[in-house]
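Accompanying notes for the structure given below.
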Amino acid sequence: MKNFYQDRNIVITGATSGLGRALALRLHHLGAHVAGVARGAAGLASLRHEAPRALTIQADVSRAEEIYPLAGEIQAKLGDVDILFNVASDLGPVPLRLLADTECEDFERALRTNVLGPHRLTRALLAPMLLRGSGLVVNVSSDAAVNAYPRWGAYGASKAAVDHLSRVLDEELKEAGVRCLSVDPGDMRTPMHFAAVPDADPARLRDPAESAERLLELIARNDFSQVRRIL
């Protein structure tokens, strides 16, 4: 696996927590050129401490006006991107509430972060992938995208949109050598999960590092048929 990721340019949003952080640290260890994107300066400083060669960029992918400056900084400092991991996510209102009680502004925030942000950043970084005929976009989804869990409506609907967006992009781009995958990493020990389910038993949740390792193994093997359902 080291040979596959060595010297590849890889961008990870939501890189300071949970799966995003686990991916950033593992890929840094494997010799990739990592750009970690997140909103919080403190989390980015912590990531730089553990991954000193990583490029860290403070940006909010839910804000349309930040996408092209972010893409420009990535291009200038990292170069053409080989793999984009769209990990940054928003639960919607917390504590989770019934969909009928969810304010439209809260629903809109989840859609901006979970759907429009990944789509905008993908579009902004896509041209070099198409020109060289290779590239990979990985969008992080959830089982809430396919199961109707009460009180997970804003999050689940946004992740269902991500799933279909990924399928359509993959169909449109794969003949040009660019793939787009949607991945369910399973229930993990992350701040987001505990924000959604405060009484969750940590012992029943997967370590994000385990999900990151498994995902990277399948990508390195080009085993895309298994990625959506393995985690």
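Just remember, in the structure tokens the first chain shown is A, the second B, etc., residues are 1-based per chain, and ligands are 1-based in the order shown.
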
Item checked: Close residues, region 160-163 of chain A itself excluded, 6 Å, only C-alpha atoms, min 6 positions apart in chain, as a PyMOL selection string -> chain A and resi 115+145+182

Next item on the list: Mind checking which residues fall within 10 Å of Arg204 (chain A), counting only C-alpha atoms, ignoring those fewer than 5 positions away in the same chain, and posting them as a ChimeraX atom specification?
Entry: /A:187-189

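You can rank A:Thr56, A:Ser166, A:Thr113, A:Thr102 by their closest distance to Ala24 (chain A) using only C-alpha atoms, and at the top of that list sits A:Thr56.
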
Notebook entry, point to check: So what do you get for CA of Leu70 (chain A) versus CA of Leu125 (chain A), distance-wise?
Noted result: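 It comes out at 9.9 Å.
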
Next item on the list: Write out as a list in words which residues come within 6 Å of Ala35 (chain A) when counting only C-alpha atoms, dropping same-chain ones fewer than 3 positions away.
Entry: Val11, Ala54, Leu55 and Thr56 of chain A

Next, dump the selected residues to file, keeping only C-alpha atoms, as a short mmCIF file (atom, residue, chain, number, x, y, z; two decimals), in the first residue's frame.
data_model
loop_
_atom_site.label_atom_id
_atom_site.label_comp_id
_atom_site.auth_asym_id
_atom_site.auth_seq_id
_atom_site.Cartn_x
_atom_site.Cartn_y
_atom_site.Cartn_z
CA VAL A 11 -6.87 16.63 0.00
CA ALA A 54 1.09 18.17 5.99
CA LEU A 55 -0.31 21.34 4.50
CA THR A 56 -3.14 22.66 6.67
#

Checklist line | For Ile57 (chain A): contacts at 12 Å, only C-alpha atoms, fewer than 3 positions along chain excluded, given as an MDAnalysis selection string | finding: chainID A and resid 11:16 34:45 47:48 54 60:61 66:67 69:74 77:78

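Near Leu84 (chain A), within a cut-off of 9 Å and counting only C-alpha atoms, sit the residues Asn9, Ile10, Val11, Ile12, Thr13, Val81, Leu121, Thr122, Leu125, Gly135, Leu136, Val137, Val138 and Asn139 of chain A, with same-chain residues fewer than 3 positions away left out.
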
Convert the current residue selection to file output with C-alpha atoms, as a compact mmCIF listing (two decimals), in the first residue's frame.
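Produced file result25.txt, reproduced below:
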# COMPACT_ATOMS: atom_id res chain seq x y z
CA ASN A 9 -1.33 14.74 -3.63
CA ILE A 10 -4.34 14.15 -1.40
CA VAL A 11 -6.87 16.63 0.00
CA ILE A 12 -9.01 15.83 3.04
CA THR A 13 -11.80 18.07 4.33
CA VAL A 81 -4.81 16.68 -6.73
CA LEU A 121 -14.81 21.60 -4.22
CA THR A 122 -14.88 18.62 -6.58
CA LEU A 125 -10.31 20.59 -8.41
CA GLY A 135 -8.25 10.91 -10.23
CA LEU A 136 -10.49 9.84 -7.37
CA VAL A 137 -13.16 11.64 -5.34
CA VAL A 138 -14.39 9.97 -2.15
CA ASN A 139 -17.53 11.34 -0.52

Next item on the list: Give the alpha helix (DSSP H) residues of region 73-174 of chain A, as assigned by DSSP on the backbone, as JSON, numbers by chain.
Entry: {"A": [73, 74, 75, 76, 77, 104, 105, 106, 107, 108, 109, 110, 111, 117, 118, 119, 120, 121, 122, 123, 124, 125, 126, 127, 128, 129, 130, 131, 132, 153, 154, 155, 156, 157, 158, 159, 160, 161, 162, 163, 164, 165, 166, 167, 168, 169, 170, 171, 172, 173]}

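Of the residues listed (A:Gly186, A:Gly156, A:Pro95, A:Pro191), A:Gly156 shows the shortest atom-to-atom separation from Phe107 (chain A); distances use only C-alpha atoms.
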
Next item on the list: List every residue of chain A that DSSP, applied to the backbone, labels as strand (DSSP E), and write the result as number ranges by chain.
Entry: A: 9-13, 33-38, 55-58, 83-86, 135-140, 178-183

Note to self: From the options A:Gly18, A:Asp184, A:Leu165, A:Ala110, which residue's atoms come nearest to Val146 (chain A), counting only C-alpha atoms?
What the structure shows: A:Asp184

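Of the listed residues A:Ala32, A:Leu181, A:Leu99, A:Val197, the one whose atoms come nearest to Ala148 (chain A) is A:Leu99, with distances taken using only C-alpha atoms.
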
Checklist line | Nearest to Gly79 (chain A) by atom-to-atom distance, counting only C-alpha atoms, from A:His33, A:Arg53, A:Arg123, A:Arg97 | finding: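 Ranked by minimum distance to Gly79 (chain A), first place goes to A:His33.
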
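Coordinates place CA of Gly31 (chain A) at a distance of 4.5 Å from CA of Gln6 (chain A).
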
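Nearest residue to Leu111 (chain A) among A:Ser46, A:Gln58, A:Ser89, A:Gln75 is A:Ser89, counting only C-alpha atoms.
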